[in-house]
Every structure is written in C-alpha cells, then in structure tokens.
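> One file: start.tsv (TSV, C-alpha atoms and all ligand atoms).
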```tsv
chain	number	residue	atom	x	y	z
A	179	MET	CA	2.37	-2.16	64.98
A	180	PRO	CA	3.65	-4.30	67.88
A	181	SER	CA	5.62	-7.36	66.79
A	182	LEU	CA	3.83	-9.71	69.20
A	183	LEU	CA	0.74	-9.84	66.98
A	184	GLN	CA	0.48	-13.25	65.37
A	185	PHE	CA	-2.42	-14.15	63.10
A	186	HIS	CA	-0.81	-17.21	61.51
A	187	SER	CA	-0.42	-20.53	63.34
A	188	ASP	CA	2.45	-22.28	61.53
A	189	SER	CA	5.52	-20.13	62.23
A	190	VAL	CA	7.93	-22.47	60.45
A	191	LYS	CA	5.93	-22.40	57.23
A	192	PHE	CA	5.52	-18.63	57.57
A	193	GLN	CA	9.22	-18.00	58.08
A	194	GLN	CA	10.11	-20.13	55.07
A	195	SER	CA	7.75	-18.24	52.78
A	196	LYS	CA	8.35	-15.46	50.27
A	197	PHE	CA	5.69	-12.81	49.88
A	198	LEU	CA	4.86	-10.23	47.24
A	199	VAL	CA	2.84	-7.22	48.44
A	200	THR	CA	1.63	-5.05	45.57
A	201	GLY	CA	0.91	-1.51	46.70
A	202	GLY	CA	3.09	-2.19	49.73
A	203	ALA	CA	4.12	1.46	50.08
A	204	GLY	CA	0.48	2.46	50.53
A	205	PHE	CA	-1.61	2.71	53.64
A	206	ILE	CA	-2.91	-0.86	54.09
A	207	GLY	CA	-0.07	-2.53	52.16
A	208	SER	CA	2.62	-1.04	54.39
A	209	HIS	CA	0.91	-2.41	57.50
A	210	ILE	CA	0.83	-5.87	55.87
A	211	VAL	CA	4.55	-5.47	55.10
A	212	ASP	CA	5.23	-4.59	58.76
A	213	TYR	CA	3.44	-7.72	59.90
A	214	LEU	CA	5.34	-9.95	57.46
A	215	MET	CA	8.72	-8.45	58.30
A	216	GLN	CA	8.14	-8.37	62.06
A	217	ASN	CA	7.17	-12.04	62.00
A	218	ASN	CA	10.35	-12.94	60.10
A	219	ALA	CA	9.05	-13.87	56.67
A	220	ALA	CA	11.90	-15.25	54.54
A	221	GLU	CA	11.49	-12.50	51.96
A	222	VAL	CA	9.07	-9.65	51.33
A	223	VAL	CA	8.95	-8.01	47.91
A	224	VAL	CA	6.99	-4.81	47.38
A	225	ILE	CA	6.00	-3.48	44.00
A	226	ASP	CA	4.61	0.04	44.07
A	227	ASN	CA	4.82	2.91	41.59
A	228	LEU	CA	4.49	5.45	44.43
A	229	SER	CA	1.60	7.15	42.61
A	230	GLU	CA	-0.32	7.23	45.91
A	231	GLY	CA	2.02	5.53	48.36
A	232	TYR	CA	5.18	6.77	50.08
A	233	LYS	CA	8.63	5.32	50.53
A	234	ASP	CA	8.39	6.76	54.04
A	235	ASN	CA	5.82	4.05	54.89
A	236	ILE	CA	8.42	1.32	54.32
A	237	VAL	CA	11.65	3.24	54.89
A	238	HIS	CA	12.36	1.24	58.08
A	239	TRP	CA	12.75	-1.96	56.00
A	240	LEU	CA	14.69	-0.67	53.00
A	241	ASN	CA	18.09	-1.80	54.29
A	242	ASN	CA	16.88	-5.17	55.53
A	243	PRO	CA	18.27	-8.06	53.42
A	244	ARG	CA	14.90	-9.88	53.64
A	245	PHE	CA	13.18	-6.90	52.00
A	246	LYS	CA	13.11	-5.79	48.37
A	247	PHE	CA	11.41	-2.72	46.95
A	248	ILE	CA	10.56	-2.50	43.26
A	249	ASP	CA	9.58	0.97	42.12
A	250	GLY	CA	7.37	-0.32	39.32
A	251	ASP	CA	3.93	-0.29	37.75
A	252	ILE	CA	1.64	-3.31	37.86
A	253	CYS	CA	0.41	-2.27	34.42
A	254	ASN	CA	3.76	-3.45	33.03
A	255	TYR	CA	3.54	-7.24	32.69
A	256	ASP	CA	7.29	-7.80	32.48
A	257	THR	CA	7.85	-5.90	35.73
A	258	VAL	CA	5.14	-7.93	37.47
A	259	LYS	CA	6.60	-11.19	36.15
A	260	LEU	CA	10.00	-10.24	37.50
A	261	ALA	CA	8.56	-9.32	40.90
A	262	MET	CA	6.75	-12.68	41.03
A	263	GLN	CA	9.89	-14.82	40.69
A	264	GLY	CA	10.19	-17.30	43.58
A	265	ILE	CA	7.12	-15.91	45.37
A	266	ASP	CA	4.94	-18.24	47.47
A	267	TYR	CA	2.15	-15.87	48.53
A	268	VAL	CA	0.75	-12.68	47.00
A	269	SER	CA	-1.14	-9.94	48.81
A	270	HIS	CA	-2.49	-7.62	46.12
A	271	GLN	CA	-3.26	-4.15	47.43
A	272	ALA	CA	-2.17	-1.91	44.53
A	273	ALA	CA	-5.05	0.03	43.00
A	274	LEU	CA	-6.30	3.54	42.52
A	275	GLY	CA	-8.76	4.00	45.37
A	276	SER	CA	-11.62	6.50	45.60
A	277	VAL	CA	-15.07	6.57	44.09
A	278	PRO	CA	-14.89	10.28	43.05
A	279	ARG	CA	-11.53	9.78	41.32
A	280	SER	CA	-13.00	6.96	39.27
A	281	ILE	CA	-15.98	9.10	38.27
A	282	LYS	CA	-13.61	11.86	37.14
A	283	ASP	CA	-11.13	9.54	35.43
A	284	PRO	CA	-12.51	6.05	34.75
A	285	ILE	CA	-9.71	5.22	32.29
A	286	SER	CA	-6.90	5.48	34.87
A	287	THR	CA	-8.94	3.57	37.43
A	288	ASN	CA	-9.62	0.79	34.96
A	289	LYS	CA	-5.98	0.60	33.89
A	290	ALA	CA	-4.57	0.16	37.41
A	291	ASN	CA	-7.49	-1.72	38.95
A	292	VAL	CA	-8.49	-4.04	36.12
A	293	SER	CA	-5.56	-4.40	33.70
A	294	GLY	CA	-3.05	-4.16	36.56
A	295	PHE	CA	-5.03	-6.67	38.59
A	296	LEU	CA	-5.16	-9.12	35.68
A	297	ASN	CA	-1.39	-8.79	35.23
A	298	VAL	CA	-0.81	-9.70	38.88
A	299	LEU	CA	-3.33	-12.54	38.78
A	300	ASN	CA	-1.95	-14.09	35.61
A	301	ALA	CA	1.70	-13.67	36.62
A	302	ALA	CA	0.84	-15.35	39.96
A	303	ARG	CA	-0.75	-18.22	38.05
A	304	GLU	CA	2.24	-18.58	35.74
A	305	ALA	CA	4.58	-18.56	38.76
A	306	ASN	CA	2.47	-21.24	40.50
A	307	VAL	CA	2.13	-19.21	43.70
A	308	LYS	CA	0.46	-21.05	46.57
A	309	ARG	CA	-2.23	-18.42	47.13
A	310	MET	CA	-3.17	-14.87	46.20
A	311	VAL	CA	-5.31	-12.62	48.38
A	312	PHE	CA	-6.59	-9.35	46.92
A	313	ALA	CA	-8.30	-6.18	48.07
A	314	SER	CA	-11.87	-5.78	46.89
A	315	SER	CA	-14.27	-3.23	48.30
A	316	SER	CA	-17.67	-2.82	49.94
A	317	SER	CA	-18.50	-0.51	47.00
A	318	VAL	CA	-19.34	-3.73	45.12
A	319	TYR	CA	-22.65	-3.80	47.04
A	320	GLY	CA	-23.66	-0.76	45.01
A	321	ASP	CA	-27.37	0.03	45.06
A	322	SER	CA	-28.39	-3.00	47.11
A	323	PRO	CA	-30.45	-1.79	50.10
A	324	VAL	CA	-29.88	-5.01	52.05
A	325	LEU	CA	-28.35	-4.50	55.49
A	326	PRO	CA	-26.19	-6.01	56.80
A	327	LYS	CA	-24.33	-6.79	53.59
A	328	VAL	CA	-23.95	-10.50	52.90
A	329	GLU	CA	-21.39	-11.61	50.32
A	330	ASN	CA	-23.77	-13.25	47.86
A	331	GLN	CA	-26.32	-10.41	47.76
A	332	ILE	CA	-24.90	-7.53	45.76
A	333	GLY	CA	-26.55	-4.78	43.73
A	334	GLN	CA	-25.53	-2.78	40.68
A	335	PRO	CA	-22.24	-0.83	41.01
A	336	LEU	CA	-22.59	2.94	41.44
A	337	SER	CA	-19.16	4.00	40.16
A	338	PRO	CA	-16.34	2.93	37.83
A	339	TYR	CA	-14.33	2.09	40.98
A	340	ALA	CA	-17.02	-0.36	42.10
A	341	VAL	CA	-17.09	-1.87	38.60
A	342	SER	CA	-13.30	-2.36	38.72
A	343	LYS	CA	-13.46	-4.20	42.03
A	344	ARG	CA	-16.37	-6.37	40.86
A	345	VAL	CA	-14.40	-7.27	37.75
A	346	ASN	CA	-11.51	-8.35	40.02
A	347	GLU	CA	-13.87	-10.68	41.84
A	348	LEU	CA	-15.19	-12.14	38.57
A	349	TYR	CA	-11.67	-12.76	37.25
A	350	ALA	CA	-10.68	-14.37	40.54
A	351	ASP	CA	-13.67	-16.69	40.35
A	352	VAL	CA	-12.84	-17.66	36.78
A	353	PHE	CA	-9.15	-18.28	37.61
A	354	TYR	CA	-10.20	-20.42	40.58
A	355	LYS	CA	-12.62	-22.48	38.50
A	356	THR	CA	-10.59	-22.64	35.28
A	357	TYR	CA	-7.05	-23.05	36.59
A	358	GLY	CA	-7.69	-24.24	40.15
A	359	MET	CA	-5.78	-21.20	41.37
A	360	GLU	CA	-6.22	-20.40	45.06
A	361	VAL	CA	-7.49	-16.82	45.06
A	362	ILE	CA	-9.33	-15.09	47.88
A	363	GLY	CA	-10.94	-11.63	47.71
A	364	LEU	CA	-11.48	-9.37	50.70
A	365	ARG	CA	-14.19	-6.74	50.55
A	366	TYR	CA	-12.82	-4.02	52.79
A	367	PHE	CA	-15.29	-1.73	54.55
A	368	ASN	CA	-13.82	1.77	55.22
A	369	ILE	CA	-10.41	0.87	56.55
A	370	PHE	CA	-8.72	3.54	58.67
A	371	GLY	CA	-5.62	3.89	60.81
A	372	PRO	CA	-2.15	5.41	61.05
A	373	ARG	CA	-0.49	6.37	57.71
A	374	GLN	CA	-3.79	7.01	55.93
A	375	ASN	CA	-3.15	10.12	53.92
A	376	PRO	CA	-5.20	13.28	54.59
A	377	ASP	CA	-3.73	15.04	51.53
A	378	GLY	CA	-5.12	15.31	48.02
A	379	PRO	CA	-8.62	15.57	46.61
A	380	TYR	CA	-9.50	11.93	47.30
A	381	ALA	CA	-8.50	11.66	50.95
A	382	ALA	CA	-10.60	9.45	53.23
A	383	VAL	CA	-12.82	10.85	55.95
A	384	VAL	CA	-11.01	9.72	59.13
A	385	PRO	CA	-7.62	11.36	58.38
A	386	LEU	CA	-9.43	14.47	57.11
A	387	PHE	CA	-11.41	14.77	60.35
A	388	ILE	CA	-8.31	14.21	62.48
A	389	ARG	CA	-6.41	16.88	60.59
A	390	SER	CA	-9.30	19.33	60.93
A	391	ILE	CA	-9.50	18.69	64.65
A	392	LEU	CA	-5.77	19.08	65.22
A	393	ASN	CA	-5.79	22.33	63.17
A	394	ASP	CA	-8.97	23.63	64.85
A	395	GLU	CA	-10.60	23.92	61.43
A	396	PRO	CA	-14.16	22.84	60.56
A	397	PRO	CA	-14.25	19.71	58.39
A	398	PHE	CA	-16.65	19.29	55.49
A	399	ILE	CA	-19.37	16.72	55.90
A	400	ASN	CA	-21.04	15.47	52.73
A	401	GLY	CA	-24.83	15.71	53.00
A	402	ASP	CA	-26.45	15.56	56.42
A	403	GLY	CA	-23.76	13.30	57.90
A	404	GLY	CA	-26.35	10.68	58.75
A	405	GLN	CA	-24.82	8.19	56.30
A	406	THR	CA	-23.37	5.21	58.15
A	407	ARG	CA	-20.22	3.17	57.70
A	408	ASP	CA	-18.68	0.03	59.21
A	409	PHE	CA	-15.34	1.67	60.04
A	410	THR	CA	-12.57	-0.91	60.32
A	411	PHE	CA	-9.19	-0.41	61.95
A	412	VAL	CA	-6.29	-1.35	59.68
A	413	GLU	CA	-4.96	-4.01	62.05
A	414	ASN	CA	-8.15	-5.99	61.42
A	415	ALA	CA	-7.53	-5.77	57.66
A	416	VAL	CA	-3.97	-7.05	58.17
A	417	GLN	CA	-5.36	-9.93	60.21
A	418	ALA	CA	-7.85	-10.78	57.45
A	419	ASN	CA	-5.06	-10.85	54.86
A	420	ILE	CA	-2.82	-13.12	56.92
A	421	ARG	CA	-5.64	-15.47	57.88
A	422	ALA	CA	-6.80	-15.65	54.26
A	423	LEU	CA	-3.26	-16.42	53.07
A	424	PHE	CA	-2.81	-19.22	55.57
A	425	THR	CA	-6.20	-20.73	56.34
A	426	SER	CA	-6.28	-24.48	55.79
A	427	HIS	CA	-10.08	-24.61	55.69
A	428	PRO	CA	-10.91	-26.76	52.64
A	429	ASP	CA	-13.73	-24.44	51.51
A	430	ALA	CA	-11.92	-21.11	51.95
A	431	ALA	CA	-10.34	-20.60	48.52
A	432	GLY	CA	-12.23	-19.18	45.56
A	433	LYS	CA	-14.43	-16.98	47.72
A	434	ILE	CA	-14.98	-13.32	48.58
A	435	TYR	CA	-15.21	-12.18	52.21
A	436	ASN	CA	-16.43	-9.07	53.97
A	437	VAL	CA	-13.72	-7.48	56.09
A	438	ALA	CA	-15.24	-5.17	58.67
A	439	VAL	CA	-16.16	-5.10	62.32
A	440	GLY	CA	-19.92	-5.58	61.96
A	441	GLU	CA	-20.88	-2.32	63.66
A	442	ARG	CA	-21.88	0.94	62.02
A	443	VAL	CA	-21.70	4.54	63.00
A	444	SER	CA	-22.78	7.72	61.22
A	445	ILE	CA	-20.20	10.16	59.90
A	446	LEU	CA	-21.45	12.78	62.36
A	447	GLU	CA	-21.16	10.38	65.29
A	448	MET	CA	-17.64	9.44	64.22
A	449	TYR	CA	-16.62	13.09	64.14
A	450	GLN	CA	-18.10	13.58	67.61
A	451	ILE	CA	-16.14	10.60	68.98
A	452	LEU	CA	-12.90	12.11	67.65
A	453	ARG	CA	-13.84	15.47	69.20
A	454	ASP	CA	-14.50	13.80	72.55
A	455	PHE	CA	-11.19	11.92	72.45
A	456	SER	CA	-9.17	14.98	71.53
A	457	GLY	CA	-11.07	17.45	73.70
A	458	ARG	CA	-11.18	19.87	70.77
A	459	GLY	CA	-12.72	20.36	67.32
A	460	VAL	CA	-15.20	22.84	65.91
A	461	GLU	CA	-18.67	22.50	64.37
A	462	PRO	CA	-18.48	20.95	60.88
A	463	ASN	CA	-19.62	22.54	57.61
A	464	HIS	CA	-22.05	20.59	55.46
A	465	ARG	CA	-21.91	20.39	51.67
A	466	ALA	CA	-23.72	18.42	48.95
A	467	SER	CA	-23.76	14.62	49.08
A	468	ARG	CA	-21.21	12.86	46.88
A	469	GLU	CA	-22.15	11.20	43.63
A	470	GLY	CA	-21.72	7.42	43.69
A	471	ASP	CA	-21.76	7.19	47.49
A	472	ILE	CA	-23.88	4.62	49.21
A	473	ARG	CA	-26.07	5.75	52.13
A	474	ASP	CA	-25.57	2.96	54.62
A	475	SER	CA	-22.96	0.29	55.01
A	476	LEU	CA	-22.75	-2.52	57.51
A	477	ALA	CA	-21.18	-5.92	57.04
A	478	ASN	CA	-22.16	-9.38	58.06
A	479	ILE	CA	-18.75	-10.92	58.81
A	480	SER	CA	-19.86	-14.49	59.59
A	481	LEU	CA	-18.26	-15.98	56.47
A	482	ALA	CA	-14.79	-14.59	57.28
A	483	LYS	CA	-15.18	-15.66	60.90
A	484	ASN	CA	-16.20	-19.20	59.97
A	485	LEU	CA	-13.85	-19.97	57.08
A	486	LEU	CA	-10.85	-17.73	57.74
A	487	GLY	CA	-10.94	-17.58	61.54
A	488	TYR	CA	-11.13	-13.78	61.24
A	489	ASP	CA	-11.82	-12.01	64.52
A	490	PRO	CA	-11.70	-8.19	64.38
A	491	GLU	CA	-10.15	-7.51	67.75
A	492	VAL	CA	-9.92	-3.73	67.47
A	493	LYS	CA	-13.31	-2.05	67.62
A	494	MET	CA	-13.98	1.32	66.02
A	495	ARG	CA	-13.55	3.50	69.12
A	496	GLU	CA	-10.23	1.94	70.08
A	497	GLY	CA	-9.07	2.25	66.48
A	498	LEU	CA	-10.00	5.94	66.36
A	499	GLN	CA	-8.15	6.57	69.61
A	500	ARG	CA	-5.04	4.77	68.33
A	501	THR	CA	-5.16	6.64	65.02
A	502	LEU	CA	-5.54	9.98	66.77
A	503	ASN	CA	-2.65	9.17	69.13
A	504	ALA	CA	-0.40	8.09	66.24
A	505	THR	CA	-1.20	11.26	64.27
A	506	GLN	CA	-0.51	13.48	67.27
A	507	LEU	CA	2.76	11.65	67.91
A	508	LYS	CA	3.80	12.08	64.27
A	509	HIS	CA	3.21	15.82	64.52
A	510	GLY	CA	4.87	16.15	67.91
A	511	MET	CA	1.55	16.97	69.58
A	512	ALA	CA	1.30	14.04	72.03
A	601	LIG	N1	-8.74	2.22	52.50
A	601	LIG	C1	-9.96	1.73	52.36
A	601	LIG	O1	-10.88	2.04	53.12
A	601	LIG	C2	-10.26	0.73	51.28
A	601	LIG	C3	-11.60	0.27	51.16
A	601	LIG	C4	-11.88	-0.66	50.18
A	601	LIG	C5	-10.89	-1.15	49.36
A	601	LIG	N2	-9.61	-0.66	49.47
A	601	LIG	C6	-8.59	-1.19	48.59
A	601	LIG	O2	-7.48	-1.59	49.37
A	601	LIG	C7	-6.28	-1.43	48.63
A	601	LIG	C8	-5.27	-0.60	49.41
A	601	LIG	O3	-5.85	0.66	49.65
A	601	LIG	P1	-5.15	1.81	50.51
A	601	LIG	O4	-6.22	2.48	51.27
A	601	LIG	O5	-3.99	1.26	51.20
A	601	LIG	O6	-4.72	2.80	49.34
A	601	LIG	P2	-3.29	3.46	49.02
A	601	LIG	O7	-3.52	4.39	47.88
A	601	LIG	O8	-2.67	3.98	50.24
A	601	LIG	O9	-2.46	2.19	48.51
A	601	LIG	C9	-2.47	1.73	47.20
A	601	LIG	C10	-1.04	1.63	46.72
A	601	LIG	O10	-1.02	1.12	45.39
A	601	LIG	C11	-0.05	1.85	44.65
A	601	LIG	N3	-0.42	1.79	43.24
A	601	LIG	C12	-1.50	2.36	42.63
A	601	LIG	N4	-1.48	2.11	41.31
A	601	LIG	C13	-0.36	1.35	41.09
A	601	LIG	C14	0.20	0.78	39.93
A	601	LIG	N5	-0.37	0.94	38.73
A	601	LIG	N6	1.35	0.08	40.05
A	601	LIG	C15	1.95	-0.08	41.26
A	601	LIG	N7	1.45	0.44	42.39
A	601	LIG	C16	0.31	1.15	42.31
A	601	LIG	C17	-0.08	3.26	45.22
A	601	LIG	O11	1.11	3.99	44.98
A	601	LIG	C18	-0.31	2.97	46.70
A	601	LIG	O12	0.92	2.87	47.41
A	601	LIG	C19	-6.69	-0.84	47.28
A	601	LIG	O13	-6.86	-1.90	46.37
A	601	LIG	C20	-8.03	-0.21	47.58
A	601	LIG	O14	-8.83	-0.10	46.43
A	601	LIG	C21	-9.28	0.27	50.42
```
What is this structure when it is put down as structure tokens?


Amino acid sequence: MPSLLQFHSDSVKFQQSKFLVTGGAGFIGSHIVDYLMQNNAAEVVVIDNLSEGYKDNIVHWLNNPRFKFIDGDICNYDTVKLAMQGIDYVSHQAALGSVPRSIKDPISTNKANVSGFLNVLNAAREANVKRMVFASSSSVYGDSPVLPKVENQIGQPLSPYAVSKRVNELYADVFYKTYGMEVIGLRYFNIFGPRQNPDGPYAAVVPLFIRSILNDEPPFINGDGGQTRDFTFVENAVQANIRALFTSHPDAAGKIYNVAVGERVSILEMYQILRDFSGRGVEPNHRASREGDIRDSLANISLAKNLLGYDPEVKMREGLQRTLNATQLKHGMA
C-alpha cells in the first residue's frame, strides 16, 4: 500500500496515538497495520494467535521499535488486558471468518467471535481507550430481501457466524449506552485484495478464482453463479476503519455502518472480469449452492459517507486488477 494515502486529518494527533489491532496478522488487519505504521503512529500493537493469519503479512514491521507483536489469543482475558495497556485506539479484526466454518463448528466460532470480542471490548473499556472500531459483517442482514441493505433493516441470521457478528453489534450498543464507550461497528461486504488467502476449506472467492486462473484450472462456482455481491477492495475497508477511529462527527459513535462500494456484480461476471484482465482462464465447474449463503448483497453506504466521511475510492474493477497484479508479482508471474 503506498504511504501517501491519508484518511485521517489531524496528523499530530495520529502520530501521538497508540493503536491495538487485533487480528493484525490477518488479511484486513495487516493492511490496517501498514496504514498505521506508514503514517507514523506512535505505537502499533498487534495481537494475533496466527490461527488464520501469517507472520509474513507483518514481517516488514517486526524489527521496527514502534511495532509490537503479541502471539496471543483474544480468548485469554489476561493477555488482552496486557495488550491493551497504554492504548488509545482499538481496531478489532480478530475473528474466525467464514459462514461454512461456523456451520461445521459453531463452538469455535462463538468462542473467538463472541467471547473473544467481549474480552476485547471490556478490556478496552477498563483501559479507557478513546475509541474502538470493530469488524462486523454483511451476513447480519440474513434473510432480509431488502436491497440495497440499509443498516437499520436486518433480517434473521442464516448462520452461527452471522449470529456472532450480530451479538458483537448488540454488545457494542449496550457498552455505548451503559458505559458511554465510543464503539463503532463496520459491516464489511465481501472484502478482497492482496494477501487474502486462497488456501484451506474456507477460502474466499476472489483469491480462489485468481489461483484457478493463474493455474489454468477451472474454479468451482456454487449454484448458478448468478448470486451477487458488493465486492469491496481492502483499501476501502482500511479507509473506513481510519475514518471511524478519527471522525469528530458528534453522532458517529455507537453506530453500525455498511462498508462497501455500493455496486454489485454476480459471481460469474466477476470471474469473467478476472479472465478478461488476465487473458486466460477456463470455463468454471458448477456445484451445489452453499448452505447459509445469501442470494444477493448490495449496500447503501450513505450513513458511512455522511457520518464518517467514507468515500470508497477504489471501485471493484480496479481492485480486481490490483489484486491480480499483486498475486502475479508474488508468484513471479508479472
Ligand atoms: N474478508 C471479508 O470479506 C470479511 C467480510 C465480513 C467481515 N469480515 C471480518 O473482518 C475481520 C478480518 O477478516 P479477514 O478477512 O482479515 O480474516 P483473517 O482470517 O485473514 O483475519 C483474522 C485474524 O484474526 C486472527 N484470529 C482469529 N481468532 C483469533 C483469536 N482467538 N485470537 C487472536 N487472533 C485470532 C487470525 O489468526 C487472523 O490473523 C474478521 O472479524 C472477519 O469476520 C471479513
């Protein structure tokens, strides 16, 4: 990520602040870490148990005196309390992602995503942090057919993962109202970009498609591929986090915001765009639709625009091109 990006306005305040990024060795968390370090934050602490993340994602900061890595589990309250010492701002990204994983193993998902979340939230409260921003998910919209998705119109969750993220939002609301704690939730819509992992049974669709294309192998498409998503480049998610941490809008705290681009594309169309960009790729194979998946997803992002000043600068096509380029570069194929 280029260092000239700046989504905060008060550089002095920013450079005097200490940040904790939970899940900072993961895909989105490591991009947030890059932003904080590149913009000279006073200190950046990462807590990550490396269950899904990689030290490789943050290896370029490990020897920097402003950076501290804690190989620890957010389910351990003492570890979280220790990580929280002297912290001004918290960006909470640690969680077990994936709807199918949560259907297979709801206990682990609940432990990391609910108990772990509550540990981070309560330790942040006890440490009097200035603000905590956390990753929620568009899965919270569940069975609601309303399109585009507006924050206050949700349906019933369709998976344990969606339940866990909804519980995060409820706890955040209660901590805001009960303790006056400044908490902001971001409902991410299908974030993609460099470093997203194509390995493992719960890999996301964009890195899987890119790997298939680069290996000249047919990818699997769940169902007919006509399901739509509001694919969001990771740089936009970083921007949303930074703007949420630093907005001075008096009504911003205690709310949940959609983080997306506000455009949708079908899975089949997305695969075709990647094929066009790469000039390769074979016909996909179709298989059964996935349990717990929603058919269509598209966000209304007016609230984040109005209260956070969020402006998703990177549209889906540019994001796909950048992700493809970065993957090719990583594999010496550029
Ligand atoms: N990627 C998306 O499209 C998307 C969409 C909606 C919501 N989210 C949410 O955004 C956040 C970041 O997602 P990501 O895509 O970067 O996933 P990721 O798996 O790459 O990152 C999550 C990180 O959290 C760490 N972690 C998991 N359990 C932990 C624990 N108990 N203690 C300490 N660390 C732990 C993992 O090792 C990993 O590094 C998650 O909360 C996820 O649920 C992501």

> Could you tell me which of A:Gly510, A:Glu395, A:Gly371, A:Asn297 comes closest to Leu498 in chain A if we count only C-alpha atoms?

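Closest to Leu498 in chain A, using only C-alpha atoms: A:Gly371.
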
> Axis-aligned box over every listed atom of range 270-282 of chain A, padded by 4 Å per side: centre and edges in Å to one decimal, as JSON?


```
{"center_x": -9.1, "center_y": 2.1, "center_z": 42.3, "size_x": 21.8, "size_y": 27.5, "size_z": 18.3}
```

> Using only C-alpha atoms, which protein or nucleic acid residues come within 7 Å of Met262 in chain A? Drop anything in the same chain fewer than 6 positions from it, and give the result as a ChimeraX atom specification.

/A:198,301-302,305

> Find the distance between CA of Gln417 in chain A and CA of Phe185 in chain A and write it in Å to one decimal.

5.9 Å

> Using all atoms listed in the file, which residues have at least one atom no more than 6 Å from ligand LIG 601 (chain A)? Output them as a compact mmCIF listing (two decimals) with C-alpha atoms, in the coordinates of the input.


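The result, written out as pocket.txt:
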```txt
# COMPACT_ATOMS: atom_id res chain seq x y z
CA GLY A 201 0.91 -1.51 46.70
CA GLY A 202 3.09 -2.19 49.73
CA ALA A 203 4.12 1.46 50.08
CA GLY A 204 0.48 2.46 50.53
CA PHE A 205 -1.61 2.71 53.64
CA ILE A 206 -2.91 -0.86 54.09
CA GLY A 207 -0.07 -2.53 52.16
CA ILE A 225 6.00 -3.48 44.00
CA ASP A 226 4.61 0.04 44.07
CA ASN A 227 4.82 2.91 41.59
CA LEU A 228 4.49 5.45 44.43
CA SER A 229 1.60 7.15 42.61
CA GLU A 230 -0.32 7.23 45.91
CA GLY A 231 2.02 5.53 48.36
CA GLY A 250 7.37 -0.32 39.32
CA ASP A 251 3.93 -0.29 37.75
CA ILE A 252 1.64 -3.31 37.86
CA CYS A 253 0.41 -2.27 34.42
CA GLN A 271 -3.26 -4.15 47.43
CA ALA A 272 -2.17 -1.91 44.53
CA ALA A 273 -5.05 0.03 43.00
CA LEU A 274 -6.30 3.54 42.52
CA GLY A 275 -8.76 4.00 45.37
CA ALA A 290 -4.57 0.16 37.41
CA ALA A 313 -8.30 -6.18 48.07
CA SER A 314 -11.87 -5.78 46.89
CA SER A 315 -14.27 -3.23 48.30
CA TYR A 366 -12.82 -4.02 52.79
CA PHE A 367 -15.29 -1.73 54.55
CA ASN A 368 -13.82 1.77 55.22
CA ILE A 369 -10.41 0.87 56.55
```

> Which residues of range 347-397 of chain A come within 12 Å of range 456-460 of chain A, and what is each one's closest atom pair and distance in Å (one decimal), counting all atoms listed in the file, sorted by chain and residue number, as JSON lines?


```
{"residue": "A:Phe387", "atom": "CA", "partner": "A:Gly459", "partner_atom": "CA", "distance": 9.0}
{"residue": "A:Ile388", "atom": "CA", "partner": "A:Gly459", "partner_atom": "CA", "distance": 9.0}
{"residue": "A:Arg389", "atom": "CA", "partner": "A:Gly459", "partner_atom": "CA", "distance": 9.9}
{"residue": "A:Ser390", "atom": "CA", "partner": "A:Gly459", "partner_atom": "CA", "distance": 7.3}
{"residue": "A:Ile391", "atom": "CA", "partner": "A:Gly459", "partner_atom": "CA", "distance": 4.5}
{"residue": "A:Leu392", "atom": "CA", "partner": "A:Gly459", "partner_atom": "CA", "distance": 7.4}
{"residue": "A:Asn393", "atom": "CA", "partner": "A:Gly459", "partner_atom": "CA", "distance": 8.3}
{"residue": "A:Asp394", "atom": "CA", "partner": "A:Gly459", "partner_atom": "CA", "distance": 5.6}
{"residue": "A:Glu395", "atom": "CA", "partner": "A:Val460", "partner_atom": "CA", "distance": 6.5}
{"residue": "A:Pro396", "atom": "CA", "partner": "A:Val460", "partner_atom": "CA", "distance": 5.5}
{"residue": "A:Pro397", "atom": "CA", "partner": "A:Val460", "partner_atom": "CA", "distance": 8.2}
```

> Please provide as a PyMOL selection string all residues within 7 Å of range 403-408 of chain A, with the sequence filter that same-chain residues fewer than 4 positions apart are discarded (counting all atoms listed in the file).

chain A and resi 367-368+399+438-446+473-477

> Which residues of range 456-488 of chain A sit at most 6 Å from range 420-437 of chain A, using all atoms listed in the file? Give each one's shortest atom pair and distance in Å (one decimal place), in chain and ascending residue order, as JSON lines.


```
{"residue": "A:Ile479", "atom": "CA", "partner": "A:Asn436", "partner_atom": "CA", "distance": 5.7}
{"residue": "A:Ala482", "atom": "CA", "partner": "A:Tyr435", "partner_atom": "CA", "distance": 5.6}
{"residue": "A:Leu485", "atom": "CA", "partner": "A:Ala430", "partner_atom": "CA", "distance": 5.6}
{"residue": "A:Leu486", "atom": "CA", "partner": "A:Arg421", "partner_atom": "CA", "distance": 5.7}
```

> Please, what distance in Å, to one decimal, runs between CA of Gln499 in chain A and CA of Val277 in chain A?

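Distance reported for this atom pair: 26.4 Å.
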
> One decimal, Å: what's the distance from CA of Asp489 in chain A over to CA of Asp454 in chain A, could you say?

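Separation of CA of Asp489 in chain A and CA of Asp454 in chain A: 27.2 Å.
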
> What lies within 7 Å of Phe398 in chain A using only C-alpha atoms, ignoring chain neighbours under 5 positions off, as a list of chain:residue names?

A:Pro462, A:Asn463, A:His464, A:Arg465

> Rank nothing, just name the residue among A:Val222, A:Leu183, A:Val328, A:Val492 nearest to Phe409 in chain A, using only C-alpha atoms.

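Nearest candidate to Phe409 in chain A out of A:Val222, A:Leu183, A:Val328, A:Val492: A:Val492.
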
> From the set A:Trp239, A:Phe370, A:Phe245, A:Tyr267, which residue has the shortest atom-to-atom contact distance to Glu413 in chain A, counting only C-alpha atoms?

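Using only C-alpha atoms, the shortest distance to Glu413 in chain A belongs to A:Phe370.
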
> Hey, which of A:Asn414, A:Gln263, A:Ser276, A:Ser286 ends up closest to Tyr488 in chain A? Count all atoms listed in the file.

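Ranking A:Asn414, A:Gln263, A:Ser276, A:Ser286 by distance to Tyr488 in chain A, first place goes to A:Asn414.
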
> Looking at only C-alpha atoms, which of A:Gln193, A:Ser316, A:Gln334, A:Thr501 is the one that sits closest to Gly363 in chain A?

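Nearest candidate to Gly363 in chain A out of A:Gln193, A:Ser316, A:Gln334, A:Thr501: A:Ser316.
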
> When you count all atoms listed in the file, which of these residues is closest to Pro278 in chain A: A:Val224, A:Leu336, A:Leu325, A:Ile362?

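So, comparing all the options, the nearest one is A:Leu336.
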